[in-house]
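Here's start38.pdb, which has PDB, C-alpha atoms:
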ATOM      1  CA  MET A   1     -10.686   2.873  11.603
ATOM      2  CA  ASN A   2     -12.972   4.637   9.146
ATOM      3  CA  LYS A   3     -12.579   2.273   6.222
ATOM      4  CA  LEU A   4     -11.935  -1.454   6.199
ATOM      5  CA  ILE A   5     -10.723  -2.948   2.938
ATOM      6  CA  ALA A   6     -11.077  -6.712   2.688
ATOM      7  CA  THR A   7      -9.342  -8.536  -0.157
ATOM      8  CA  ALA A   8      -8.433 -12.113  -0.885
ATOM      9  CA  SER A   9      -5.006 -13.394   0.117
ATOM     10  CA  PRO A  10      -2.109 -13.469  -0.512
ATOM     11  CA  HIS A  11      -1.168  -9.924   0.462
ATOM     12  CA  PHE A  12       2.101  -8.409  -0.720
ATOM     13  CA  HIS A  13       3.412  -4.912  -0.223
ATOM     14  CA  ARG A  14       6.404  -3.741  -2.185
ATOM     15  CA  PRO A  15       7.828  -0.222  -2.378
ATOM     16  CA  ARG A  16       7.550  -0.319  -6.185
ATOM     17  CA  THR A  17       5.031   1.646  -8.183
ATOM     18  CA  THR A  18       3.999   1.314 -11.804
ATOM     19  CA  ARG A  19       5.879   4.531 -12.514
ATOM     20  CA  SER A  20       9.125   3.260 -10.959
ATOM     21  CA  ILE A  21       8.898  -0.009 -12.896
ATOM     22  CA  MET A  22       8.241   1.784 -16.181
ATOM     23  CA  LEU A  23      11.098   4.175 -15.467
ATOM     24  CA  ASP A  24      13.406   1.174 -15.079
ATOM     25  CA  VAL A  25      12.206  -0.179 -18.433
ATOM     26  CA  ILE A  26      12.873   3.179 -20.087
ATOM     27  CA  ILE A  27      16.387   3.245 -18.619
ATOM     28  CA  ALA A  28      16.959  -0.323 -19.849
ATOM     29  CA  LEU A  29      15.904   0.694 -23.377
ATOM     30  CA  ILE A  30      18.350   3.617 -23.572
ATOM     31  CA  PRO A  31      21.248   1.483 -24.934
ATOM     32  CA  ALA A  32      19.021   0.236 -27.760
ATOM     33  CA  VAL A  33      17.933   3.801 -28.543
ATOM     34  CA  ILE A  34      21.562   4.941 -28.650
ATOM     35  CA  ALA A  35      22.464   1.996 -30.901
ATOM     36  CA  SER A  36      19.615   2.889 -33.281
ATOM     37  CA  VAL A  37      21.002   6.428 -33.668
ATOM     38  CA  ILE A  38      24.540   5.134 -34.182
ATOM     39  CA  PHE A  39      23.546   2.710 -36.942
ATOM     40  CA  PHE A  40      20.497   4.355 -38.550
ATOM     41  CA  GLY A  41      20.993   8.074 -37.971
ATOM     42  CA  LEU A  42      18.881  10.868 -36.564
ATOM     43  CA  ARG A  43      15.662   9.761 -38.254
ATOM     44  CA  SER A  44      15.446   6.992 -35.687
ATOM     45  CA  LEU A  45      14.910   9.717 -33.068
ATOM     46  CA  LEU A  46      12.163  11.235 -35.215
ATOM     47  CA  VAL A  47      10.340   7.891 -35.321
ATOM     48  CA  LEU A  48      10.872   7.499 -31.575
ATOM     49  CA  VAL A  49       9.543  10.969 -30.708
ATOM     50  CA  ASP A  50       6.541  10.453 -32.991
ATOM     51  CA  CYS A  51       5.578   7.115 -31.419
ATOM     52  CA  VAL A  52       6.046   8.301 -27.832
ATOM     53  CA  ALA A  53       4.183  11.572 -28.367
ATOM     54  CA  VAL A  54       1.246   9.888 -30.097
ATOM     55  CA  CYS A  55       1.040   7.141 -27.478
ATOM     56  CA  VAL A  56       0.948   9.657 -24.623
ATOM     57  CA  PHE A  57      -1.544  11.922 -26.404
ATOM     58  CA  SER A  58      -3.767   8.949 -27.340
ATOM     59  CA  GLU A  59      -3.883   7.769 -23.734
ATOM     60  CA  TRP A  60      -4.604  11.278 -22.437
ATOM     61  CA  GLY A  61      -7.249  11.921 -25.095
ATOM     62  CA  PHE A  62      -9.043   8.591 -24.668
ATOM     63  CA  GLU A  63      -9.205   8.954 -20.899
ATOM     64  CA  LYS A  64     -10.344  12.565 -21.259
ATOM     65  CA  ILE A  65     -13.170  11.600 -23.608
ATOM     66  CA  CYS A  66     -14.214   8.655 -21.433
ATOM     67  CA  LYS A  67     -13.881  10.746 -18.255
ATOM     68  CA  LYS A  68     -11.452   8.283 -16.739
ATOM     69  CA  GLU A  69      -8.592   8.994 -14.358
ATOM     70  CA  ASN A  70      -5.558  10.290 -16.187
ATOM     71  CA  THR A  71      -2.719   7.716 -16.176
ATOM     72  CA  ILE A  72      -0.054   9.219 -18.415
ATOM     73  CA  GLY A  73       2.025   9.890 -15.307
ATOM     74  CA  ASP A  74       2.681   6.165 -14.816
ATOM     75  CA  LEU A  75       4.924   6.251 -17.955
ATOM     76  CA  SER A  76       3.402   3.065 -19.408
ATOM     77  CA  ALA A  77       2.383   4.931 -22.573
ATOM     78  CA  VAL A  78       5.968   6.179 -22.936
ATOM     79  CA  VAL A  79       7.271   2.616 -22.676
ATOM     80  CA  THR A  80       4.782   1.431 -25.303
ATOM     81  CA  GLY A  81       5.862   4.238 -27.625
ATOM     82  CA  VAL A  82       9.566   3.479 -27.227
ATOM     83  CA  ILE A  83       9.127  -0.273 -27.766
ATOM     84  CA  LEU A  84       6.883   0.301 -30.790
ATOM     85  CA  ALA A  85       9.410   2.686 -32.351
ATOM     86  CA  LEU A  86      12.225   0.185 -31.806
ATOM     87  CA  ASN A  87      10.125  -2.400 -33.671
ATOM     88  CA  LEU A  88       9.807  -0.252 -36.797
ATOM     89  CA  PRO A  89      12.151   0.317 -39.770
ATOM     90  CA  VAL A  90      13.921   3.663 -39.792
ATOM     91  CA  ASP A  91      12.288   4.667 -43.107
ATOM     92  CA  VAL A  92       8.720   3.904 -42.021
ATOM     93  CA  PRO A  93       6.348   6.752 -43.000
ATOM     94  CA  LEU A  94       5.531   8.757 -39.893
ATOM     95  CA  TRP A  95       1.796   8.497 -40.517
ATOM     96  CA  GLN A  96       2.096   4.707 -40.312
ATOM     97  CA  ALA A  97       4.063   4.984 -37.076
ATOM     98  CA  THR A  98       1.339   7.309 -35.794
ATOM     99  CA  LEU A  99      -1.366   4.827 -36.743
ATOM    100  CA  GLY A 100       0.519   2.045 -34.976
ATOM    101  CA  ALA A 101       0.790   4.123 -31.811
ATOM    102  CA  VAL A 102      -2.955   4.857 -31.810
ATOM    103  CA  ILE A 103      -3.746   1.160 -32.320
ATOM    104  CA  ALA A 104      -1.381   0.151 -29.511
ATOM    105  CA  ILE A 105      -2.858   2.545 -26.952
ATOM    106  CA  VAL A 106      -6.513   2.892 -27.897
ATOM    107  CA  VAL A 107      -7.389  -0.495 -29.388
ATOM    108  CA  ILE A 108      -5.064  -2.895 -27.579
ATOM    109  CA  LYS A 109      -4.701  -1.144 -24.231
ATOM    110  CA  GLN A 110      -7.516   1.266 -23.397
ATOM    111  CA  LEU A 111     -10.467  -0.548 -24.982
ATOM    112  CA  PHE A 112      -9.602  -3.555 -22.840
ATOM    113  CA  GLY A 113      -9.578  -1.524 -19.634
ATOM    114  CA  GLY A 114      -6.175   0.134 -19.523
ATOM    115  CA  ILE A 115      -2.878  -0.902 -17.999
ATOM    116  CA  GLY A 116      -2.937  -4.364 -16.455
ATOM    117  CA  GLN A 117      -5.999  -5.474 -18.395
ATOM    118  CA  ASN A 118      -4.761  -5.664 -21.984
ATOM    119  CA  PHE A 119      -4.734  -9.225 -23.298
ATOM    120  CA  ALA A 120      -1.588  -8.790 -25.411
ATOM    121  CA  ASN A 121       1.493  -6.613 -25.607
ATOM    122  CA  PRO A 122       0.332  -3.367 -27.281
ATOM    123  CA  ALA A 123       3.561  -2.704 -29.196
ATOM    124  CA  ALA A 124       3.868  -6.267 -30.544
ATOM    125  CA  THR A 125       0.236  -6.376 -31.634
ATOM    126  CA  ALA A 126       0.443  -2.952 -33.280
ATOM    127  CA  ARG A 127       3.499  -4.122 -35.199
ATOM    128  CA  ILE A 128       1.550  -7.138 -36.482
ATOM    129  CA  VAL A 129      -1.246  -4.860 -37.690
ATOM    130  CA  LEU A 130       1.226  -2.613 -39.484
ATOM    131  CA  MET A 131       3.073  -5.567 -41.030
ATOM    132  CA  THR A 132      -0.183  -7.011 -42.317
ATOM    133  CA  ALA A 133      -1.506  -3.717 -43.666
ATOM    134  CA  PHE A 134       1.731  -2.174 -44.967
ATOM    135  CA  SER A 135       4.035  -5.088 -45.714
ATOM    136  CA  GLY A 136       5.995  -3.069 -48.271
ATOM    137  CA  THR A 137       7.204  -0.312 -45.960
ATOM    138  CA  MET A 138       7.367  -2.587 -42.916
ATOM    139  CA  THR A 139       9.809  -4.932 -44.664
ATOM    140  CA  SER A 140      12.016  -2.285 -46.262
ATOM    141  CA  TRP A 141      15.251  -2.311 -44.286
ATOM    142  CA  ALA A 142      17.814   0.476 -44.397
ATOM    143  CA  VAL A 143      21.450  -0.506 -44.622
ATOM    144  CA  PRO A 144      23.155   0.580 -41.382
ATOM    145  CA  GLN A 145      25.854   3.220 -41.727
ATOM    146  CA  ALA A 146      27.574   3.484 -38.379
ATOM    147  CA  PHE A 147      28.093   6.987 -36.958
ATOM    148  CA  ASN A 148      26.543   8.623 -40.023
ATOM    149  CA  LEU A 149      23.774  10.776 -38.580
ATOM    150  CA  LEU A 150      22.269  11.471 -42.012
ATOM    151  CA  PRO A 151      22.804   8.222 -43.938
ATOM    152  CA  ASP A 152      21.818   7.665 -47.559
ATOM    153  CA  ALA A 153      18.482   5.926 -48.056
ATOM    154  CA  THR A 154      19.758   2.564 -49.269
ATOM    155  CA  THR A 155      18.049  -0.705 -48.430
ATOM    156  CA  GLY A 156      19.217  -4.271 -47.956
ATOM    157  CA  ALA A 157      18.170  -7.643 -46.597
ATOM    158  CA  THR A 158      18.156  -8.609 -42.926
ATOM    159  CA  PRO A 159      20.126 -11.632 -41.696
ATOM    160  CA  LEU A 160      16.890 -13.606 -41.284
ATOM    161  CA  ALA A 161      15.807 -12.781 -44.837
ATOM    162  CA  LEU A 162      19.197 -13.908 -46.152
ATOM    163  CA  MET A 163      18.996 -17.171 -44.205
ATOM    164  CA  THR A 164      15.450 -17.775 -45.428
ATOM    165  CA  LYS A 165      16.654 -17.409 -49.028
ATOM    166  CA  GLY A 166      19.676 -19.615 -48.314
ATOM    167  CA  ASP A 167      22.068 -16.766 -49.160
ATOM    168  CA  LEU A 168      24.683 -17.396 -46.483
ATOM    169  CA  THR A 169      27.540 -15.803 -48.431
ATOM    170  CA  HIS A 170      26.240 -12.291 -47.706
ATOM    171  CA  LEU A 171      25.354 -13.031 -44.104
ATOM    172  CA  PRO A 172      26.925 -10.489 -41.703
ATOM    173  CA  SER A 173      29.542 -11.693 -39.260
ATOM    174  CA  TYR A 174      28.568 -12.758 -35.753
ATOM    175  CA  LEU A 175      30.309  -9.646 -34.435
ATOM    176  CA  ASP A 176      28.260  -7.353 -36.679
ATOM    177  CA  MET A 177      25.045  -9.070 -35.593
ATOM    178  CA  PHE A 178      26.054  -8.821 -31.943
ATOM    179  CA  LEU A 179      26.914  -5.110 -32.172
ATOM    180  CA  GLY A 180      23.972  -4.212 -34.425
ATOM    181  CA  ASN A 181      25.644  -3.434 -37.735
ATOM    182  CA  THR A 182      22.927  -5.214 -39.763
ATOM    183  CA  GLY A 183      19.632  -4.395 -41.414
ATOM    184  CA  GLY A 184      16.483  -4.615 -39.339
ATOM    185  CA  CYS A 185      14.158  -2.653 -37.105
ATOM    186  CA  LEU A 186      15.576   0.234 -35.110
ATOM    187  CA  GLY A 187      15.949  -1.523 -31.787
ATOM    188  CA  GLU A 188      16.281  -5.184 -32.670
ATOM    189  CA  THR A 189      19.682  -5.275 -34.350
ATOM    190  CA  SER A 190      22.062  -4.593 -31.445
ATOM    191  CA  VAL A 191      22.117  -7.685 -29.261
ATOM    192  CA  LEU A 192      24.728  -6.034 -27.039
ATOM    193  CA  ALA A 193      22.435  -3.086 -26.235
ATOM    194  CA  LEU A 194      19.428  -5.323 -25.597
ATOM    195  CA  VAL A 195      21.327  -7.730 -23.362
ATOM    196  CA  LEU A 196      22.672  -4.818 -21.323
ATOM    197  CA  GLY A 197      19.128  -3.543 -20.888
ATOM    198  CA  GLY A 198      17.835  -7.010 -20.050
ATOM    199  CA  LEU A 199      20.512  -7.540 -17.411
ATOM    200  CA  TYR A 200      19.587  -4.196 -15.867
ATOM    201  CA  LEU A 201      15.946  -5.307 -15.591
ATOM    202  CA  LEU A 202      17.019  -8.601 -14.031
ATOM    203  CA  PHE A 203      19.281  -6.806 -11.558
ATOM    204  CA  ARG A 204      16.470  -4.420 -10.610
ATOM    205  CA  GLY A 205      14.029  -7.279 -10.158
ATOM    206  CA  VAL A 206      11.648  -5.902 -12.779
ATOM    207  CA  ILE A 207      11.713  -9.218 -14.665
ATOM    208  CA  THR A 208      12.827 -12.753 -13.820
ATOM    209  CA  TRP A 209      15.002 -15.091 -15.866
ATOM    210  CA  HIS A 210      12.256 -17.602 -16.653
ATOM    211  CA  ILE A 211      10.770 -16.124 -19.845
ATOM    212  CA  PRO A 212      13.957 -14.766 -21.492
ATOM    213  CA  VAL A 213      15.980 -17.925 -20.838
ATOM    214  CA  SER A 214      13.232 -20.346 -21.907
ATOM    215  CA  PHE A 215      12.397 -18.241 -24.985
ATOM    216  CA  ILE A 216      15.974 -17.790 -26.223
ATOM    217  CA  GLY A 217      16.972 -21.309 -25.159
ATOM    218  CA  THR A 218      14.102 -22.873 -27.126
ATOM    219  CA  VAL A 219      15.031 -20.936 -30.268
ATOM    220  CA  ALA A 220      18.660 -22.038 -29.891
ATOM    221  CA  LEU A 221      17.772 -25.682 -29.251
ATOM    222  CA  MET A 222      15.273 -25.937 -32.108
ATOM    223  CA  SER A 223      17.721 -24.222 -34.480
ATOM    224  CA  LEU A 224      20.283 -26.867 -33.570
ATOM    225  CA  VAL A 225      17.766 -29.689 -34.049
ATOM    226  CA  CYS A 226      16.726 -28.284 -37.433
ATOM    227  CA  GLY A 227      20.320 -27.989 -38.599
ATOM    228  CA  GLN A 228      20.361 -24.190 -38.702
ATOM    229  CA  ASP A 229      23.092 -21.768 -37.684
ATOM    230  CA  VAL A 230      22.299 -21.455 -33.976
ATOM    231  CA  LEU A 231      24.281 -18.292 -33.306
ATOM    232  CA  ALA A 232      22.902 -16.525 -36.365
ATOM    233  CA  GLN A 233      19.326 -17.395 -35.378
ATOM    234  CA  VAL A 234      19.820 -16.177 -31.818
ATOM    235  CA  LEU A 235      21.648 -12.975 -32.774
ATOM    236  CA  SER A 236      19.255 -11.876 -35.518
ATOM    237  CA  GLY A 237      15.683 -10.660 -35.722
ATOM    238  CA  GLY A 238      13.546  -9.490 -32.842
ATOM    239  CA  LEU A 239      14.363 -12.357 -30.484
ATOM    240  CA  MET A 240      16.261 -10.323 -27.882
ATOM    241  CA  ILE A 241      13.916  -7.352 -27.699
ATOM    242  CA  GLY A 242      10.997  -9.759 -27.664
ATOM    243  CA  ALA A 243      12.418 -11.989 -24.938
ATOM    244  CA  PHE A 244      13.539  -9.229 -22.560
ATOM    245  CA  PHE A 245      11.104  -6.370 -23.173
ATOM    246  CA  MET A 246       7.898  -7.704 -24.753
ATOM    247  CA  ALA A 247       7.358 -11.273 -23.596
ATOM    248  CA  THR A 248       7.902 -10.160 -19.991
ATOM    249  CA  ASP A 249       4.953  -7.739 -20.096
ATOM    250  CA  TYR A 250       3.145  -8.203 -16.782
ATOM    251  CA  SER A 251      -0.347  -7.949 -18.263
ATOM    252  CA  SER A 252      -0.013 -10.524 -21.034
ATOM    253  CA  SER A 253       2.386 -13.109 -19.547
ATOM    254  CA  PRO A 254       1.784 -15.677 -16.783
ATOM    255  CA  ALA A 255       2.544 -14.822 -13.178
ATOM    256  CA  THR A 256       3.607 -18.306 -12.051
ATOM    257  CA  LYS A 257       7.184 -19.550 -12.474
ATOM    258  CA  TRP A 258       6.283 -22.678 -14.425
ATOM    259  CA  GLY A 259       3.775 -20.641 -16.382
ATOM    260  CA  LYS A 260       6.540 -18.258 -17.434
ATOM    261  CA  ILE A 261       8.694 -21.177 -18.596
ATOM    262  CA  ILE A 262       5.836 -22.741 -20.579
ATOM    263  CA  TYR A 263       5.074 -19.329 -22.059
ATOM    264  CA  GLY A 264       8.705 -18.796 -23.070
ATOM    265  CA  VAL A 265       9.021 -22.258 -24.596
ATOM    266  CA  GLY A 266       5.793 -21.727 -26.531
ATOM    267  CA  CYS A 267       7.046 -18.392 -27.853
ATOM    268  CA  GLY A 268      10.282 -20.030 -28.939
ATOM    269  CA  LEU A 269       8.535 -22.890 -30.739
ATOM    270  CA  ILE A 270       6.142 -20.617 -32.614
ATOM    271  CA  THR A 271       8.994 -18.267 -33.545
ATOM    272  CA  ILE A 272      10.919 -21.177 -35.061
ATOM    273  CA  LEU A 273       7.864 -22.510 -36.907
ATOM    274  CA  ILE A 274       7.290 -19.145 -38.557
ATOM    275  CA  ARG A 275      10.970 -18.489 -39.261
ATOM    276  CA  PHE A 276      11.581 -21.858 -40.940
ATOM    277  CA  TRP A 277       8.230 -22.677 -42.522
ATOM    278  CA  GLY A 278       6.107 -19.499 -42.482
ATOM    279  CA  ASN A 279       5.613 -16.706 -44.971
ATOM    280  CA  PHE A 280       7.451 -14.215 -42.763
ATOM    281  CA  PRO A 281      11.184 -14.463 -41.983
ATOM    282  CA  GLU A 282      10.443 -13.376 -38.392
ATOM    283  CA  GLY A 283       7.837 -14.730 -35.991
ATOM    284  CA  VAL A 284       8.484 -13.150 -32.585
ATOM    285  CA  SER A 285       5.523 -10.752 -32.605
ATOM    286  CA  PHE A 286       3.133 -13.442 -33.815
ATOM    287  CA  ALA A 287       4.439 -15.828 -31.168
ATOM    288  CA  LEU A 288       3.861 -13.245 -28.443
ATOM    289  CA  LEU A 289       0.280 -12.623 -29.581
ATOM    290  CA  ILE A 290      -0.611 -16.318 -29.750
ATOM    291  CA  MET A 291       0.931 -17.166 -26.383
ATOM    292  CA  SER A 292      -0.687 -14.113 -24.772
ATOM    293  CA  ILE A 293      -4.079 -15.484 -25.778
ATOM    294  CA  LEU A 294      -3.147 -18.763 -24.069
ATOM    295  CA  THR A 295      -1.872 -17.069 -20.899
ATOM    296  CA  PRO A 296      -5.082 -17.512 -18.835
ATOM    297  CA  TYR A 297      -5.058 -21.250 -19.547
ATOM    298  CA  ILE A 298      -1.350 -21.540 -18.730
ATOM    299  CA  GLU A 299      -1.901 -19.760 -15.420
ATOM    300  CA  LYS A 300      -4.833 -22.021 -14.588
ATOM    301  CA  LEU A 301      -2.707 -25.083 -15.358
ATOM    302  CA  THR A 302       0.273 -23.963 -13.271
ATOM    303  CA  ARG A 303      -1.483 -22.228 -10.394
ATOM    304  CA  SER A 304      -0.633 -23.653  -6.967
ATOM    305  CA  LYS A 305      -3.464 -25.602  -5.400
ATOM    306  CA  PRO A 306      -4.208 -24.989  -1.706
ATOM    307  CA  LEU A 307      -3.673 -27.881   0.674
ATOM    308  CA  VAL A 308      -6.891 -28.862   2.382
ATOM    309  CA  GLY A 309      -6.549 -31.143   5.367
ATOM    310  CA  GLU A 310      -9.160 -33.585   6.529
ATOM    311  CA  VAL A 311     -11.214 -32.619   9.572
ATOM    312  CA  ASP A 312     -10.963 -35.009  12.487
ATOM    313  CA  GLU A 313     -14.554 -35.446  13.720
ATOM    314  CA  SER A 314     -13.715 -37.910  16.495
TER     315      SER A 314
END
Take the structure in the file and give it back as structure tokens.
Amino acid sequence: MNKLIATASPHFHRPRTTRSIMLDVIIALIPAVIASVIFFGLRSLLVLVDCVAVCVFSEWGFEKICKKENTIGDLSAVVTGVILALNLPVDVPLWQATLGAVIAIVVIKQLFGGIGQNFANPAATARIVLMTAFSGTMTSWAVPQAFNLLPDATTGATPLALMTKGDLTHLPSYLDMFLGNTGGCLGETSVLALVLGGLYLLFRGVITWHIPVSFIGTVALMSLVCGQDVLAQVLSGGLMIGAFFMATDYSSSPATKWGKIIYGVGCGLITILIRFWGNFPEGVSFALLIMSILTPYIEKLTRSKPLVGEVDES
């Protein structure tokens, strides 16, 4: 034996690589990408290509400048680009999408050490930065025009915005919200597409049920307690994409089972607080950022303690 590597237990070996996991996430996001094209036209693909290309180039360029090992082959930058694009309006200026991609990769991911060391989900945090800096374009929602690849540039309110204003008469039907025929970001409107992708990740063992169920369940329960339309709250906004694809980020969520549940419940509570009493109609991204900051403390609280037996000195 030429080299002995000693590491702390426990020791697990699984035939899964970062690349294979990220490939599964990309596959799971395909239904949402298809839904975005169906409802918002071909420009959704332009936003998607822009975000993915800039994310990959930013990662390659940063690592080249810093003389670090190239990691674009693990596909994590591609996943970040796809998720970021699906969190943007279809009419977002491409330079803003480009800026968001650079922030996600360089500031949130690489400056903190790269994959596995970022303190928060890069796509969610980049969306917060863009919403804060460019609230006008980031809250301008195109009216979906199903199967029209080149739709007219008309805007309308999202279901959450309508509920915030108390305008329930113009609220889309539950079926429209489930299928995705509503205003919103590219990848957050079709609950059907996101649930299909989430079930694929669960089936593949990429994620567990703890965070999605506790996150969505908390939003549903608190909506009921607060006298809101439970189904409308669950089917609208970024809840589904957040619960299945962003809150489950390995780097920024707890690793313990009870930690995942606490994390999901916390995300749900903060989402409801912002939706019902905040200045923004949606709070998923903010909830993810806040709970990601608390993740180390949640893990410390829920970490299993080793059993230490007493030594018999007789």
Could you tell me which residues the PyMOL selection byres ((chain A and resi 125-133) around 8) returns for this structure, as a compact mmCIF listing (two decimals) with C-alpha atoms, keeping the file's coordinate frame?
# COMPACT_ATOMS: atom_id res chain seq x y z
CA LEU A 84 6.88 0.30 -30.79
CA ASN A 87 10.12 -2.40 -33.67
CA LEU A 88 9.81 -0.25 -36.80
CA GLN A 96 2.10 4.71 -40.31
CA GLY A 100 0.52 2.04 -34.98
CA ALA A 101 0.79 4.12 -31.81
CA ILE A 103 -3.75 1.16 -32.32
CA ALA A 104 -1.38 0.15 -29.51
CA ILE A 108 -5.06 -2.90 -27.58
CA ALA A 120 -1.59 -8.79 -25.41
CA ASN A 121 1.49 -6.61 -25.61
CA PRO A 122 0.33 -3.37 -27.28
CA ALA A 123 3.56 -2.70 -29.20
CA ALA A 124 3.87 -6.27 -30.54
CA PHE A 134 1.73 -2.17 -44.97
CA SER A 135 4.04 -5.09 -45.71
CA MET A 138 7.37 -2.59 -42.92
CA THR A 139 9.81 -4.93 -44.66
CA SER A 285 5.52 -10.75 -32.60
CA PHE A 286 3.13 -13.44 -33.82
CA LEU A 289 0.28 -12.62 -29.58
- Contact residues around A:Val52 with all atoms listed in the file at 9 Å, ignoring same-chain residues under 3 positions, as a ChimeraX atom specification: /A:47-49,55-57,77-82,84-85,101
- Message: Here is a test: counting all atoms listed in the file, which residue of A:Leu235, A:Ile262, A:Ile115, A:Ile38 is nearest to A:Tyr250?
- Response: A:Ile115
- Message: Using all atoms listed in the file, can you tell me which of A:Leu179, A:Ile207, A:Leu269, A:Val107 comes closest to A:Leu221?
- Response: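 Among the listed residues, the smallest separation from A:Leu221 belongs to A:Leu269.
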- Query: From the list A:Ile65, A:Val225, A:Ala32, A:Ile211, which residue is nearest A:Val106 when using all atoms listed in the file?
  - Reply: A:Ile65
- Message: Given the point (7.0, -7.0, -18.8) in the coordinates of this file, which residues lie within 12 Å, counting all atoms listed in the file, and how would they look as a PyMOL selection string?
- Response: chain A and resi 18+21-22+24-26+76+79-80+83+115-116+120-123+198+201-202+205-209+211-212+241-255+260+288
Produce a file of the selected residues containing C-alpha atoms, as an mmCIF file, in the coordinates of the input.
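Dumped to out22.cif:
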data_model
loop_
_atom_site.group_PDB
_atom_site.id
_atom_site.type_symbol
_atom_site.label_atom_id
_atom_site.label_comp_id
_atom_site.auth_asym_id
_atom_site.auth_seq_id
_atom_site.Cartn_x
_atom_site.Cartn_y
_atom_site.Cartn_z
ATOM 1 C CA THR A 18 3.999 1.314 -11.804
ATOM 2 C CA ILE A 21 8.898 -0.009 -12.896
ATOM 3 C CA MET A 22 8.241 1.784 -16.181
ATOM 4 C CA ASP A 24 13.406 1.174 -15.079
ATOM 5 C CA VAL A 25 12.206 -0.179 -18.433
ATOM 6 C CA ILE A 26 12.873 3.179 -20.087
ATOM 7 C CA SER A 76 3.402 3.065 -19.408
ATOM 8 C CA VAL A 79 7.271 2.616 -22.676
ATOM 9 C CA THR A 80 4.782 1.431 -25.303
ATOM 10 C CA ILE A 83 9.127 -0.273 -27.766
ATOM 11 C CA ILE A 115 -2.878 -0.902 -17.999
ATOM 12 C CA GLY A 116 -2.937 -4.364 -16.455
ATOM 13 C CA ALA A 120 -1.588 -8.790 -25.411
ATOM 14 C CA ASN A 121 1.493 -6.613 -25.607
ATOM 15 C CA PRO A 122 0.332 -3.367 -27.281
ATOM 16 C CA ALA A 123 3.561 -2.704 -29.196
ATOM 17 C CA GLY A 198 17.835 -7.010 -20.050
ATOM 18 C CA LEU A 201 15.946 -5.307 -15.591
ATOM 19 C CA LEU A 202 17.019 -8.601 -14.031
ATOM 20 C CA GLY A 205 14.029 -7.279 -10.158
ATOM 21 C CA VAL A 206 11.648 -5.902 -12.779
ATOM 22 C CA ILE A 207 11.713 -9.218 -14.665
ATOM 23 C CA THR A 208 12.827 -12.753 -13.820
ATOM 24 C CA TRP A 209 15.002 -15.091 -15.866
ATOM 25 C CA ILE A 211 10.770 -16.124 -19.845
ATOM 26 C CA PRO A 212 13.957 -14.766 -21.492
ATOM 27 C CA ILE A 241 13.916 -7.352 -27.699
ATOM 28 C CA GLY A 242 10.997 -9.759 -27.664
ATOM 29 C CA ALA A 243 12.418 -11.989 -24.938
ATOM 30 C CA PHE A 244 13.539 -9.229 -22.560
ATOM 31 C CA PHE A 245 11.104 -6.370 -23.173
ATOM 32 C CA MET A 246 7.898 -7.704 -24.753
ATOM 33 C CA ALA A 247 7.358 -11.273 -23.596
ATOM 34 C CA THR A 248 7.902 -10.160 -19.991
ATOM 35 C CA ASP A 249 4.953 -7.739 -20.096
ATOM 36 C CA TYR A 250 3.145 -8.203 -16.782
ATOM 37 C CA SER A 251 -0.347 -7.949 -18.263
ATOM 38 C CA SER A 252 -0.013 -10.524 -21.034
ATOM 39 C CA SER A 253 2.386 -13.109 -19.547
ATOM 40 C CA PRO A 254 1.784 -15.677 -16.783
ATOM 41 C CA ALA A 255 2.544 -14.822 -13.178
ATOM 42 C CA LYS A 260 6.540 -18.258 -17.434
ATOM 43 C CA LEU A 288 3.861 -13.245 -28.443
#
- Might you spell out which residues the PyMOL selection byres ((chain A and resi 41) around 6) would select in the displayed file, as a PyMOL selection string? chain A and resi 37-38+40+42-43+148-150
- Separation of atom CA of A:Thr155 from atom CA of A:Asp91 in Å: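 The value is 9.5 Å.
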- Counting all atoms listed in the file, the residue of A:Val92, A:Leu168, A:Met177, A:Leu186 that sits nearest A:Leu29: A:Leu186
- Item | Distance criterion (only C-alpha atoms): nearest to A:Asp74 out of A:Leu111, A:Ala97, A:Gly61, A:Leu23 |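 Result for the nearest residue to A:Asp74: A:Leu23.
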- Message: Given only C-alpha atoms as the basis, pick out the residue of A:Leu294, A:Cys66, A:Leu192, A:Ile261 nearest to A:His210.
- Response: A:Ile261
- Query: So how far away is atom CA of A:Ala287 from atom CA of A:Ala142, in Å?
  - Reply: 24.9 Å
- Item | A:Thr302 surroundings by only C-alpha atoms, 9 Å radius, close-in-sequence under 6 positions cut, as an MDAnalysis selection string | chainID A and resid 256:259
I need the residues from that last selection saved to file as a compact mmCIF listing (two decimals), in the coordinates of the input (with C-alpha atoms), if you can.
# COMPACT_ATOMS: atom_id res chain seq x y z
CA THR A 256 3.61 -18.31 -12.05
CA LYS A 257 7.18 -19.55 -12.47
CA TRP A 258 6.28 -22.68 -14.42
CA GLY A 259 3.78 -20.64 -16.38
Produce the centre coordinates and the three edge lengths, each in Å to one decimal, of the box along x, y and z that contains all listed atoms of stretch 133-145 of chain A with 4 Å added on each side, as JSON.
{"center_x": 12.2, "center_y": -0.9, "center_z": -44.8, "size_x": 35.4, "size_y": 16.3, "size_z": 14.9}
- Query: Which residues fall under the PyMOL selection byres ((chain A and resi 273-280) around 12) in this file, as a PyMOL selection string?
  - Reply: chain A and resi 128+131-132+135+138-139+159-166+218-219+222-223+226-229+233-234+236-239+266-272+281-287
- Task: Take atom CA of A:Thr158 and atom CA of A:Ala193 and report the distance between them in Å, one decimal.
- Result: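 Separation between atom CA of A:Thr158 and atom CA of A:Ala193: 18.1 Å.
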